[in-house]
Amino acid sequence: MSPTSATPSAPSPAVDHGPTRHLGAMDYSVLQQCMHCGMCLPTCPTYVETKKERHSPRGRIALMRAVADGELAVSKAFGEEMYYCLGCLACTTACPAGVDYPTLFEAARAEVEDAKVLDSPKRNAIRATVLRGLFTRPRLLRLVGRLLWIWQASGGQTLFRRLRLTRLLPPNLRRLEPQTPTIRARFSHQLIQPVESSANPKPLRRVAVLTGCVQDLAFSEINRATVDVLRANGCEVHTPPVQPCCGSLHGHNGDLATARDLARRQIDLIDPDRFDAIISNAGGCGSHLRNYDHLLAADDAYAAKAATWSRKLRDIHEYLVEINFRAPLAPPSPQTITYHESCHLCHGQKVSVQPRDILRAIPGVELRECGESSWCCGSAGIYNITQPKTSGWLQDRKLDLLTATGADIVATANPGCHLQIANGLQAQGDDHTTVEHPIVLLARAYAAEAND
Ligand code: SF4
Ligand code: SF4
């Protein structure tokens, strides 16, 4: 949550600030991994945008190491640089040295928050209300979602826009208002039973499904589809009706204490020992969820469970391919589809081939590859709020490439990407191309098969 959308200026050096709590305390070998080869540079959106070394992975790692060594102060400029990074993890795929950028990135942002160098009354209030107030309380989040749904379903939002009352909003909110997600009439717990049996008389596996927070309110049909495809593939599916946020927003925004607290709550709710797999269907959440073992490694009470959790955590596409999912037999219904890779699904979880395998297995699908399919769309958590300029540049770049494929459907597996692309298409007046989760398309094919 950087207060600015401008490109950050260079951090000024300082001397001997002593060991810092996060970067200074980490295993030094992680800070030393970078061999400065520069292979990551052409894959880093912020470097490509500015061509400045400090806006590259290599440059940021050098800054982090200088902070850990006590040679650089955790200053406002350092903080802005860390928040200028998208956290897209494209650098981790490109890096031949296996640099653990996710750990460095989270530690650096935690350092910035501890040093309070970006604090302002407005920023602190937003973080307290949204991150710690709303996204830690699933029932309250649903209540807010329900109120928003009433506002939208009653026509209030349409009237507000028609009367151009959005002009009365402060500039930041005015810019964000068109991006408000459409809230579903029914949330996940209203669509999914806590336990649903397998379509096979004898379930082959028992799995738990994570419903997420934004996904629960704005894309509950994706959660329903996830349960449907798992049932169709021999799984007994357990879906706790009230689930806390996975903590990914908190971890990526330097609030590691809350991220750990939310991880413990997830493990208390879904005991990993009881399941063959724990299924995530959102790229960003999954990338964080499979990292619970690192997050809770120093917690004696939870470390062992967290290790089991991470071992069993699977992205839905990955899991379906792993269990040799059944290709649907529906009559072919021609669909041209292109696939946009969520950064945290492909770079964070290394799940890239499996969603394509699933799409290709659907009868009638023509999969058209999109250039730069694994480049960030600019959503990146709340990056489109904090850095609108860079986010908008990435969104335009992405939309041009997606549109060039001529596909009718853009498939993607993360709520942030879904909204960013759908909002971009709408802003361009494209009412033809739709955005869908690959699992919704698969579930539809199974349903068509059943109706045939
Ligand atoms: S996470 Fe993305 S934006 Fe950040 S340094 Fe790596 S490639 Fe660049
Ligand atoms: S590719 Fe890896 S080792 Fe090379 S400069 Fe980038 S982060 Fe460092």
# chains A, B, ... in the order shown; residues from 1 in each chain; ligands from 1
>>> closest_atom_pairs(of="chain A", to="ligand 1", cutoff="9 Å", atoms="only C-alpha atoms and all ligand atoms", output="Markdown table")
| residue | atom | partner | partner_atom_place_in_ligand_line | distance |
| --- | --- | --- | --- | --- |
| A:Cys40 | CA | ligand 1 | 7 (S) | 6.9 |
| A:Leu41 | CA | ligand 1 | 7 (S) | 7.5 |
| A:Pro42 | CA | ligand 1 | 7 (S) | 8.6 |
| A:Thr43 | CA | ligand 1 | 7 (S) | 5.9 |
| A:Cys44 | CA | ligand 1 | 7 (S) | 3.6 |
| A:Pro45 | CA | ligand 1 | 3 (S) | 5.5 |
| A:Thr46 | CA | ligand 1 | 3 (S) | 5.4 |
| A:Tyr47 | CA | ligand 1 | 8 (Fe) | 6.7 |
| A:Val48 | CA | ligand 1 | 8 (Fe) | 8.9 |
| A:His55 | CA | ligand 1 | 5 (S) | 7.2 |
| A:Ser56 | CA | ligand 1 | 5 (S) | 5.3 |
| A:Pro57 | CA | ligand 1 | 5 (S) | 3.7 |
| A:Arg58 | CA | ligand 1 | 5 (S) | 7.5 |
| A:Gly59 | CA | ligand 1 | 5 (S) | 8.4 |
| A:Arg60 | CA | ligand 1 | 5 (S) | 6.9 |
| A:Ile61 | CA | ligand 1 | 5 (S) | 8.4 |
| A:Met82 | CA | ligand 1 | 4 (Fe) | 8.2 |
| A:Tyr83 | CA | ligand 1 | 4 (Fe) | 8.9 |
| A:Tyr84 | CA | ligand 1 | 3 (S) | 7.4 |
| A:Cys85 | CA | ligand 1 | 4 (Fe) | 4.0 |
| A:Leu86 | CA | ligand 1 | 3 (S) | 4.3 |
| A:Gly87 | CA | ligand 1 | 1 (S) | 3.7 |
| A:Cys88 | CA | ligand 1 | 2 (Fe) | 4.0 |
| A:Leu89 | CA | ligand 1 | 1 (S) | 3.8 |
| A:Ala90 | CA | ligand 1 | 7 (S) | 4.3 |
| A:Cys91 | CA | ligand 1 | 7 (S) | 4.2 |
| A:Thr92 | CA | ligand 1 | 6 (Fe) | 6.8 |
| A:Thr93 | CA | ligand 1 | 7 (S) | 9.0 |
| A:Ala94 | CA | ligand 1 | 7 (S) | 8.8 |
| A:Tyr101 | CA | ligand 1 | 6 (Fe) | 7.2 |
| A:Pro102 | CA | ligand 1 | 1 (S) | 7.8 |
| A:Phe105 | CA | ligand 1 | 1 (S) | 7.8 |
| A:Cys343 | CA | ligand 1 | 2 (Fe) | 8.8 |
| A:Cys376 | CA | ligand 1 | 2 (Fe) | 8.0 |
>>> write_last_selection(atoms="N, CA, C and O atoms", output="short mmCIF file (atom, residue, chain, number, x, y, z; two decimals), in the first residue's frame")
data_model
loop_
_atom_site.label_atom_id
_atom_site.label_comp_id
_atom_site.auth_asym_id
_atom_site.auth_seq_id
_atom_site.Cartn_x
_atom_site.Cartn_y
_atom_site.Cartn_z
N CYS A 40 17.31 -12.31 -15.09
CA CYS A 40 15.95 -11.98 -14.69
C CYS A 40 15.48 -10.64 -15.28
O CYS A 40 14.28 -10.37 -15.34
N LEU A 41 16.41 -9.81 -15.69
CA LEU A 41 16.05 -8.43 -16.05
C LEU A 41 14.97 -8.32 -17.15
O LEU A 41 14.00 -7.58 -16.98
N PRO A 42 15.10 -9.06 -18.27
CA PRO A 42 14.07 -8.89 -19.31
C PRO A 42 12.70 -9.43 -18.92
O PRO A 42 11.72 -9.15 -19.62
N THR A 43 12.62 -10.19 -17.83
CA THR A 43 11.32 -10.72 -17.41
C THR A 43 10.64 -9.84 -16.37
O THR A 43 9.48 -10.08 -16.03
N CYS A 44 11.36 -8.86 -15.86
CA CYS A 44 10.82 -8.04 -14.76
C CYS A 44 10.07 -6.83 -15.31
O CYS A 44 10.68 -5.95 -15.93
N PRO A 45 8.76 -6.76 -15.09
CA PRO A 45 7.99 -5.65 -15.68
C PRO A 45 8.49 -4.27 -15.26
O PRO A 45 8.54 -3.36 -16.08
N THR A 46 8.88 -4.10 -14.00
CA THR A 46 9.27 -2.75 -13.57
C THR A 46 10.60 -2.35 -14.19
O THR A 46 10.83 -1.19 -14.50
N TYR A 47 11.48 -3.32 -14.40
CA TYR A 47 12.75 -3.02 -15.07
C TYR A 47 12.49 -2.70 -16.55
O TYR A 47 13.04 -1.75 -17.10
N VAL A 48 11.65 -3.50 -17.18
CA VAL A 48 11.35 -3.26 -18.60
C VAL A 48 10.70 -1.88 -18.77
O VAL A 48 10.96 -1.17 -19.74
N HIS A 55 15.19 -0.83 -10.13
CA HIS A 55 13.83 -1.35 -10.29
C HIS A 55 13.85 -2.78 -10.84
O HIS A 55 12.84 -3.26 -11.35
N SER A 56 14.98 -3.45 -10.73
CA SER A 56 15.10 -4.83 -11.21
C SER A 56 15.20 -5.77 -10.01
O SER A 56 15.51 -5.33 -8.90
N PRO A 57 15.00 -7.08 -10.22
CA PRO A 57 15.18 -8.03 -9.11
C PRO A 57 16.59 -7.94 -8.53
O PRO A 57 16.77 -7.87 -7.30
N ARG A 58 17.58 -7.90 -9.44
CA ARG A 58 18.98 -7.85 -9.00
C ARG A 58 19.24 -6.59 -8.16
O ARG A 58 19.89 -6.65 -7.12
N GLY A 59 18.69 -5.48 -8.62
CA GLY A 59 18.87 -4.22 -7.89
C GLY A 59 18.19 -4.26 -6.53
O GLY A 59 18.75 -3.83 -5.52
N ARG A 60 17.01 -4.81 -6.51
CA ARG A 60 16.26 -4.86 -5.23
C ARG A 60 16.97 -5.80 -4.24
O ARG A 60 17.03 -5.51 -3.04
N ILE A 61 17.48 -6.91 -4.75
CA ILE A 61 18.18 -7.85 -3.86
C ILE A 61 19.42 -7.17 -3.28
O ILE A 61 19.73 -7.33 -2.09
N MET A 82 10.31 -1.25 -2.57
CA MET A 82 9.79 -2.59 -2.29
C MET A 82 8.31 -2.70 -2.68
O MET A 82 7.83 -3.77 -3.05
N TYR A 83 7.60 -1.58 -2.60
CA TYR A 83 6.18 -1.62 -2.99
C TYR A 83 6.00 -1.33 -4.48
O TYR A 83 4.91 -1.51 -5.00
N TYR A 84 7.06 -0.89 -5.14
CA TYR A 84 6.99 -0.73 -6.60
C TYR A 84 7.11 -2.11 -7.28
O TYR A 84 6.61 -2.33 -8.37
N CYS A 85 7.78 -3.05 -6.62
CA CYS A 85 7.85 -4.44 -7.10
C CYS A 85 6.44 -5.03 -7.07
O CYS A 85 5.71 -4.86 -6.10
N LEU A 86 6.07 -5.70 -8.15
CA LEU A 86 4.74 -6.31 -8.24
C LEU A 86 4.60 -7.56 -7.38
O LEU A 86 3.50 -8.02 -7.11
N GLY A 87 5.74 -8.17 -7.06
CA GLY A 87 5.68 -9.47 -6.40
C GLY A 87 5.18 -10.54 -7.35
O GLY A 87 4.62 -11.56 -6.95
N CYS A 88 5.40 -10.32 -8.67
CA CYS A 88 4.86 -11.25 -9.66
C CYS A 88 5.67 -12.54 -9.74
O CYS A 88 5.21 -13.54 -10.28
N LEU A 89 6.90 -12.52 -9.24
CA LEU A 89 7.79 -13.68 -9.16
C LEU A 89 8.28 -14.17 -10.52
O LEU A 89 8.79 -15.29 -10.63
N ALA A 90 8.12 -13.35 -11.58
CA ALA A 90 8.65 -13.74 -12.89
C ALA A 90 10.16 -13.98 -12.78
O ALA A 90 10.72 -14.83 -13.46
N CYS A 91 10.81 -13.21 -11.89
CA CYS A 91 12.26 -13.36 -11.73
C CYS A 91 12.64 -14.75 -11.21
O CYS A 91 13.71 -15.26 -11.53
N THR A 92 11.77 -15.38 -10.44
CA THR A 92 12.12 -16.68 -9.87
C THR A 92 12.15 -17.76 -10.95
O THR A 92 12.91 -18.71 -10.87
N THR A 93 11.30 -17.61 -11.97
CA THR A 93 11.31 -18.58 -13.06
C THR A 93 12.56 -18.40 -13.92
O THR A 93 13.14 -19.37 -14.40
N ALA A 94 12.96 -17.14 -14.10
CA ALA A 94 14.11 -16.86 -14.98
C ALA A 94 15.44 -17.15 -14.31
O ALA A 94 16.44 -17.38 -14.99
N TYR A 101 13.36 -15.41 -4.09
CA TYR A 101 12.83 -14.04 -4.07
C TYR A 101 11.57 -13.90 -3.20
O TYR A 101 11.42 -12.88 -2.51
N PRO A 102 10.64 -14.89 -3.19
CA PRO A 102 9.45 -14.70 -2.36
C PRO A 102 9.78 -14.45 -0.89
O PRO A 102 9.18 -13.60 -0.24
N PHE A 105 11.31 -10.95 -0.55
CA PHE A 105 10.28 -9.94 -0.80
C PHE A 105 9.40 -9.75 0.45
O PHE A 105 9.15 -8.62 0.89
N CYS A 343 0.35 -15.00 -12.30
CA CYS A 343 1.78 -15.03 -11.92
C CYS A 343 2.05 -16.04 -10.81
O CYS A 343 3.01 -16.79 -10.85
N CYS A 376 2.67 -10.52 -16.06
CA CYS A 376 1.66 -9.99 -15.13
C CYS A 376 0.67 -9.08 -15.87
O CYS A 376 1.05 -8.33 -16.77
#
>>> residues_around(residues="Ile337 (chain A)", least_positions_apart="5", cutoff="8 Å", atoms="only C-alpha atoms", output="ChimeraX atom specification")
/A:365-368,407-411
>>> residues_near_ligand(ligand="ligand 2", cutoff="6 Å", atoms="only C-alpha atoms and all ligand atoms", output="ChimeraX atom specification")
/A:34-40,57-58,94-97,99
>>> write_last_selection(atoms="all heavy atoms", output="mmCIF file, in the first residue's frame")
data_model
loop_
_atom_site.group_PDB
_atom_site.id
_atom_site.type_symbol
_atom_site.label_atom_id
_atom_site.label_comp_id
_atom_site.auth_asym_id
_atom_site.auth_seq_id
_atom_site.Cartn_x
_atom_site.Cartn_y
_atom_site.Cartn_z
ATOM 1 N N CYS A 34 22.080 -14.488 -5.124
ATOM 2 C CA CYS A 34 22.107 -13.767 -6.407
ATOM 3 C C CYS A 34 23.543 -13.633 -6.903
ATOM 4 O O CYS A 34 24.419 -13.151 -6.198
ATOM 5 C CB CYS A 34 21.470 -12.392 -6.254
ATOM 6 S SG CYS A 34 21.557 -11.418 -7.756
ATOM 7 N N MET A 35 23.779 -14.078 -8.158
ATOM 8 C CA MET A 35 25.135 -13.989 -8.702
ATOM 9 C C MET A 35 25.227 -12.872 -9.744
ATOM 10 O O MET A 35 26.155 -12.818 -10.534
ATOM 11 C CB MET A 35 25.570 -15.331 -9.293
ATOM 12 C CG MET A 35 24.600 -15.878 -10.309
ATOM 13 S SD MET A 35 25.010 -17.561 -10.753
ATOM 14 C CE MET A 35 23.899 -17.829 -12.128
ATOM 15 N N HIS A 36 24.221 -11.999 -9.760
ATOM 16 C CA HIS A 36 24.230 -10.766 -10.578
ATOM 17 C C HIS A 36 24.333 -11.040 -12.079
ATOM 18 O O HIS A 36 24.888 -10.232 -12.812
ATOM 19 C CB HIS A 36 25.371 -9.833 -10.129
ATOM 20 C CG HIS A 36 25.478 -9.698 -8.640
ATOM 21 N ND1 HIS A 36 24.494 -9.105 -7.889
ATOM 22 C CD2 HIS A 36 26.425 -10.110 -7.764
ATOM 23 C CE1 HIS A 36 24.825 -9.159 -6.614
ATOM 24 N NE2 HIS A 36 25.981 -9.777 -6.504
ATOM 25 N N CYS A 37 23.800 -12.156 -12.538
ATOM 26 C CA CYS A 37 23.942 -12.508 -13.956
ATOM 27 C C CYS A 37 23.015 -11.670 -14.845
ATOM 28 O O CYS A 37 23.279 -11.502 -16.034
ATOM 29 C CB CYS A 37 23.654 -13.990 -14.162
ATOM 30 S SG CYS A 37 21.956 -14.440 -13.786
ATOM 31 N N GLY A 38 21.911 -11.187 -14.293
ATOM 32 C CA GLY A 38 20.998 -10.340 -15.061
ATOM 33 C C GLY A 38 20.003 -11.096 -15.926
ATOM 34 O O GLY A 38 19.264 -10.482 -16.698
ATOM 35 N N MET A 39 19.949 -12.431 -15.780
ATOM 36 C CA MET A 39 19.003 -13.209 -16.592
ATOM 37 C C MET A 39 17.545 -12.811 -16.291
ATOM 38 O O MET A 39 16.661 -12.995 -17.115
ATOM 39 C CB MET A 39 19.161 -14.706 -16.307
ATOM 40 C CG MET A 39 20.529 -15.255 -16.624
ATOM 41 S SD MET A 39 20.711 -15.645 -18.351
ATOM 42 C CE MET A 39 19.873 -17.209 -18.431
ATOM 43 N N CYS A 40 17.315 -12.314 -15.089
ATOM 44 C CA CYS A 40 15.946 -11.979 -14.688
ATOM 45 C C CYS A 40 15.478 -10.640 -15.278
ATOM 46 O O CYS A 40 14.278 -10.374 -15.337
ATOM 47 C CB CYS A 40 15.850 -11.901 -13.171
ATOM 48 S SG CYS A 40 17.116 -10.824 -12.449
ATOM 49 N N PRO A 57 15.003 -7.078 -10.220
ATOM 50 C CA PRO A 57 15.181 -8.028 -9.110
ATOM 51 C C PRO A 57 16.592 -7.940 -8.532
ATOM 52 O O PRO A 57 16.767 -7.866 -7.305
ATOM 53 C CB PRO A 57 14.945 -9.382 -9.762
ATOM 54 C CG PRO A 57 14.257 -9.104 -11.048
ATOM 55 C CD PRO A 57 14.592 -7.720 -11.464
ATOM 56 N N ARG A 58 17.582 -7.900 -9.438
ATOM 57 C CA ARG A 58 18.979 -7.851 -8.999
ATOM 58 C C ARG A 58 19.239 -6.594 -8.160
ATOM 59 O O ARG A 58 19.892 -6.651 -7.117
ATOM 60 C CB ARG A 58 19.849 -7.844 -10.263
ATOM 61 C CG ARG A 58 21.304 -7.976 -10.045
ATOM 62 C CD ARG A 58 22.020 -8.148 -11.365
ATOM 63 N NE ARG A 58 21.922 -6.993 -12.249
ATOM 64 C CZ ARG A 58 22.515 -6.905 -13.442
ATOM 65 N NH1 ARG A 58 23.223 -7.915 -13.891
ATOM 66 N NH2 ARG A 58 22.378 -5.841 -14.196
ATOM 67 N N ALA A 94 12.960 -17.139 -14.103
ATOM 68 C CA ALA A 94 14.109 -16.860 -14.981
ATOM 69 C C ALA A 94 15.444 -17.149 -14.310
ATOM 70 O O ALA A 94 16.442 -17.384 -14.985
ATOM 71 C CB ALA A 94 14.068 -15.394 -15.415
ATOM 72 N N CYS A 95 15.497 -17.146 -12.992
ATOM 73 C CA CYS A 95 16.771 -17.143 -12.273
ATOM 74 C C CYS A 95 17.474 -18.511 -12.280
ATOM 75 O O CYS A 95 16.938 -19.494 -11.758
ATOM 76 C CB CYS A 95 16.514 -16.723 -10.828
ATOM 77 S SG CYS A 95 18.012 -16.734 -9.839
ATOM 78 N N PRO A 96 18.680 -18.594 -12.852
ATOM 79 C CA PRO A 96 19.378 -19.893 -12.871
ATOM 80 C C PRO A 96 19.965 -20.264 -11.515
ATOM 81 O O PRO A 96 20.309 -21.429 -11.285
ATOM 82 C CB PRO A 96 20.504 -19.670 -13.897
ATOM 83 C CG PRO A 96 20.733 -18.203 -13.941
ATOM 84 C CD PRO A 96 19.452 -17.546 -13.556
ATOM 85 N N ALA A 97 20.072 -19.284 -10.609
ATOM 86 C CA ALA A 97 20.681 -19.560 -9.305
ATOM 87 C C ALA A 97 19.638 -19.979 -8.256
ATOM 88 O O ALA A 97 19.992 -20.272 -7.114
ATOM 89 C CB ALA A 97 21.432 -18.318 -8.814
ATOM 90 N N VAL A 99 17.303 -18.124 -6.814
ATOM 91 C CA VAL A 99 17.145 -17.131 -5.742
ATOM 92 C C VAL A 99 15.743 -17.225 -5.138
ATOM 93 O O VAL A 99 14.745 -17.288 -5.862
ATOM 94 C CB VAL A 99 17.399 -15.700 -6.281
ATOM 95 C CG1 VAL A 99 16.930 -14.645 -5.309
ATOM 96 C CG2 VAL A 99 18.890 -15.521 -6.570
#
>>> select_by_dssp(residues="region 251-335 of chain A", states="strand (DSSP E or B)", output="short mmCIF file (atom, residue, chain, number, x, y, z; two decimals) with N, CA, C and O atoms, in the first residue's frame")
data_model
loop_
_atom_site.label_atom_id
_atom_site.label_comp_id
_atom_site.auth_asym_id
_atom_site.auth_seq_id
_atom_site.Cartn_x
_atom_site.Cartn_y
_atom_site.Cartn_z
N ALA A 277 -5.76 -34.42 0.12
CA ALA A 277 -5.24 -33.18 -0.46
C ALA A 277 -6.11 -32.02 0.01
O ALA A 277 -7.28 -32.19 0.35
N ILE A 278 -5.49 -30.84 0.04
CA ILE A 278 -6.22 -29.59 0.33
C ILE A 278 -6.14 -28.78 -0.95
O ILE A 278 -5.05 -28.53 -1.47
N ILE A 279 -7.32 -28.40 -1.46
CA ILE A 279 -7.38 -27.86 -2.83
C ILE A 279 -7.61 -26.35 -2.82
O ILE A 279 -8.54 -25.84 -2.19
N SER A 280 -6.76 -25.66 -3.58
CA SER A 280 -6.94 -24.23 -3.81
C SER A 280 -7.22 -24.03 -5.29
O SER A 280 -6.66 -24.73 -6.13
N LEU A 313 -1.07 -29.48 0.03
CA LEU A 313 -1.73 -28.39 -0.66
C LEU A 313 -1.54 -28.55 -2.18
O LEU A 313 -0.41 -28.72 -2.65
N ARG A 314 -2.63 -28.50 -2.92
CA ARG A 314 -2.56 -28.64 -4.38
C ARG A 314 -3.43 -27.58 -5.05
O ARG A 314 -4.56 -27.33 -4.61
N ASP A 315 -2.92 -27.06 -6.14
CA ASP A 315 -3.78 -26.29 -7.01
C ASP A 315 -4.73 -27.26 -7.70
O ASP A 315 -4.34 -28.40 -8.00
N GLN A 335 -15.41 -23.74 -29.08
CA GLN A 335 -15.02 -22.61 -28.24
C GLN A 335 -13.57 -22.26 -28.54
O GLN A 335 -12.72 -23.14 -28.53
#
>>> closest_residue(among="A:Val209, A:Leu256, A:Leu131, A:Ala62", to="Pro272 (chain A)", atoms="only C-alpha atoms")
A:Val209
>>> select_by_dssp(residues="region 191-411 of chain A", states="helix (DSSP H, G or I)", output="PyMOL selection string")
chain A and resi 191+214-218+220-232+248-252+256-269+272-274+283-289+292-295+303-312+316-322+343-348+353-361+383-386+388-404
>>> residues_around(residues="region 113-121 of chain A", least_positions_apart="4", cutoff="6 Å", atoms="only C-alpha atoms", output="JSON list (two decimals) with N, CA and C atoms, in the first residue's frame")
[["chain", "number", "residue", "atom", "x", "y", "z"],
["A", 75, "SER", "N", 14.58, 3.29, 4.61],
["A", 75, "SER", "CA", 14.08, 4.65, 4.42],
["A", 75, "SER", "C", 12.76, 4.62, 3.65],
["A", 76, "LYS", "N", 12.17, 5.78, 3.48],
["A", 76, "LYS", "CA", 10.94, 5.90, 2.69],
["A", 76, "LYS", "C", 11.21, 5.44, 1.25],
["A", 254, "GLY", "N", 3.53, -7.11, 4.15],
["A", 254, "GLY", "CA", 4.42, -6.89, 5.28],
["A", 254, "GLY", "C", 3.84, -7.14, 6.65]]
>>> closest_residue(among="A:Arg265, A:Arg142, A:Lys389, A:His347", to="Trp375 (chain A)", atoms="only C-alpha atoms")
A:His347
>>> atom_distance(atom1="CA of Arg54 (chain A)", atom2="CA of Asp400 (chain A)")
28.0 Å
>>> atom_distance(atom1="CA of Asn233 (chain A)", atom2="CA of Phe325 (chain A)")
6.2 Å
>>> closest_residue(among="A:Ala306, A:Leu399, A:Val229, A:Ile222", to="Gly371 (chain A)", atoms="only C-alpha atoms")
A:Leu399
>>> closest_residue(among="A:Pro178, A:Ile270, A:Glu318, A:Asp357", to="Phe160 (chain A)", atoms="only C-alpha atoms")
A:Pro178
>>> residues_around(residues="Arg139 (chain A)", least_positions_apart="2", cutoff="12 Å", atoms="only C-alpha atoms", output="PyMOL selection string")
chain A and resi 133-137+141-146+187+189+213+216-217+241-245
>>> atom_distance(atom1="CA of Pro355 (chain A)", atom2="CA of Gly378 (chain A)")
20.8 Å
>>> residues_around(residues="region 196-207 of chain A", least_positions_apart="4", cutoff="7 Å", atoms="only C-alpha atoms", output="list in words")
Arg231, Ala232, Gly234, Cys235, Glu236, Val237, His238, Phe275, Asp276, Ala277 and Ile278 of chain A
>>> closest_residue(among="A:Asp299, A:Thr336, A:Gln152, A:Leu345", to="Gly406 (chain A)", atoms="only C-alpha atoms")
A:Thr336
